[in-house]
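Have a look at the structure below before the remarks.
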Amino acid sequence: MDDFRAGVARILKGDDSSKPKPDPIPKPDPKPKPRPQPKPKRASKPRPKYASWPGRAFFHAGRASPVIEAMAKRLATEGCDLYDNPPGPVWNEAHRRPSAAWQIECGFRGADADGGPGARDLGQAASPASGPLEPVT
């Protein structure tokens with residue numbers, strides 16, 4: 001009985017060398033610092049399929065632009081090919097005549113069919129976008 005009491009006393013004191021002590025509970029690994037989220041890439045604006053209306057003042061003698069050349073080619077495919085030479089990017093009388101023919105074909109009359117492209121008739125021709133609306137140098 002003395003052995004029993006001595007064993008209990010050792011256990012209560014924490015001096016029990018007869019039993020193996022359990023391994024301490026392992027500490028969990030520290031949480032990794034969150035990585036900063038990459039900034040989302042800005043989506044590039046899709047290039048429009050058709051040229052936007054640059055305004056009536058855009059079309060004047062001597063103005064050069066790929067839009068003018070694209071419009072001329074589009075009018076030629078629509079049957080308004082009144083060009084003596086292949087159309088170029090510089091607006092001139094050779095561009096005005098097919099444009100006037102297209103306007104008449106669209107039902108415009110009088111001052112509305114003067115050959116200066118308007119938003120409605122250019123929209124009906126749907127000139128493909130071919131570059132910036134800046135003058136070609």
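Residue numbering restarts at 1 in every chain; chains get A, B, ... in the order shown in the structure tokens, and ligands count up from 1 in that same order.
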
Within 9 Å of range 112-122 of chain A, which residues of range 71-98 of chain A show up? Give each one with its shortest atom-to-atom distance in Å (one decimal) and the two atoms involved, counting only C-alpha atoms, rows by chain then rising residue number, as CSV.
residue,atom,partner,partner_atom,distance
A:Met71,CA,A:Leu122,CA,8.0
A:Glu93,CA,A:Gly115,CA,9.0
A:His95,CA,A:Gly115,CA,8.0
A:Arg96,CA,A:Gly115,CA,4.6
A:Arg97,CA,A:Gly115,CA,6.0
A:Pro98,CA,A:Gly115,CA,7.3

For this session: Could you give me, as a ChimeraX atom specification, the residues within 12 Å of Ala76 in chain A, counting only C-alpha atoms and dropping anything in the same chain fewer than 5 positions from it?
Result: /A:69-71,81-87,95,97-99,101-102,125,127

Exercise. CA of Leu75 in chain A to CA of Gly88 in chain A: how many Å, to one decimal?
Worked result: 12.9 Å
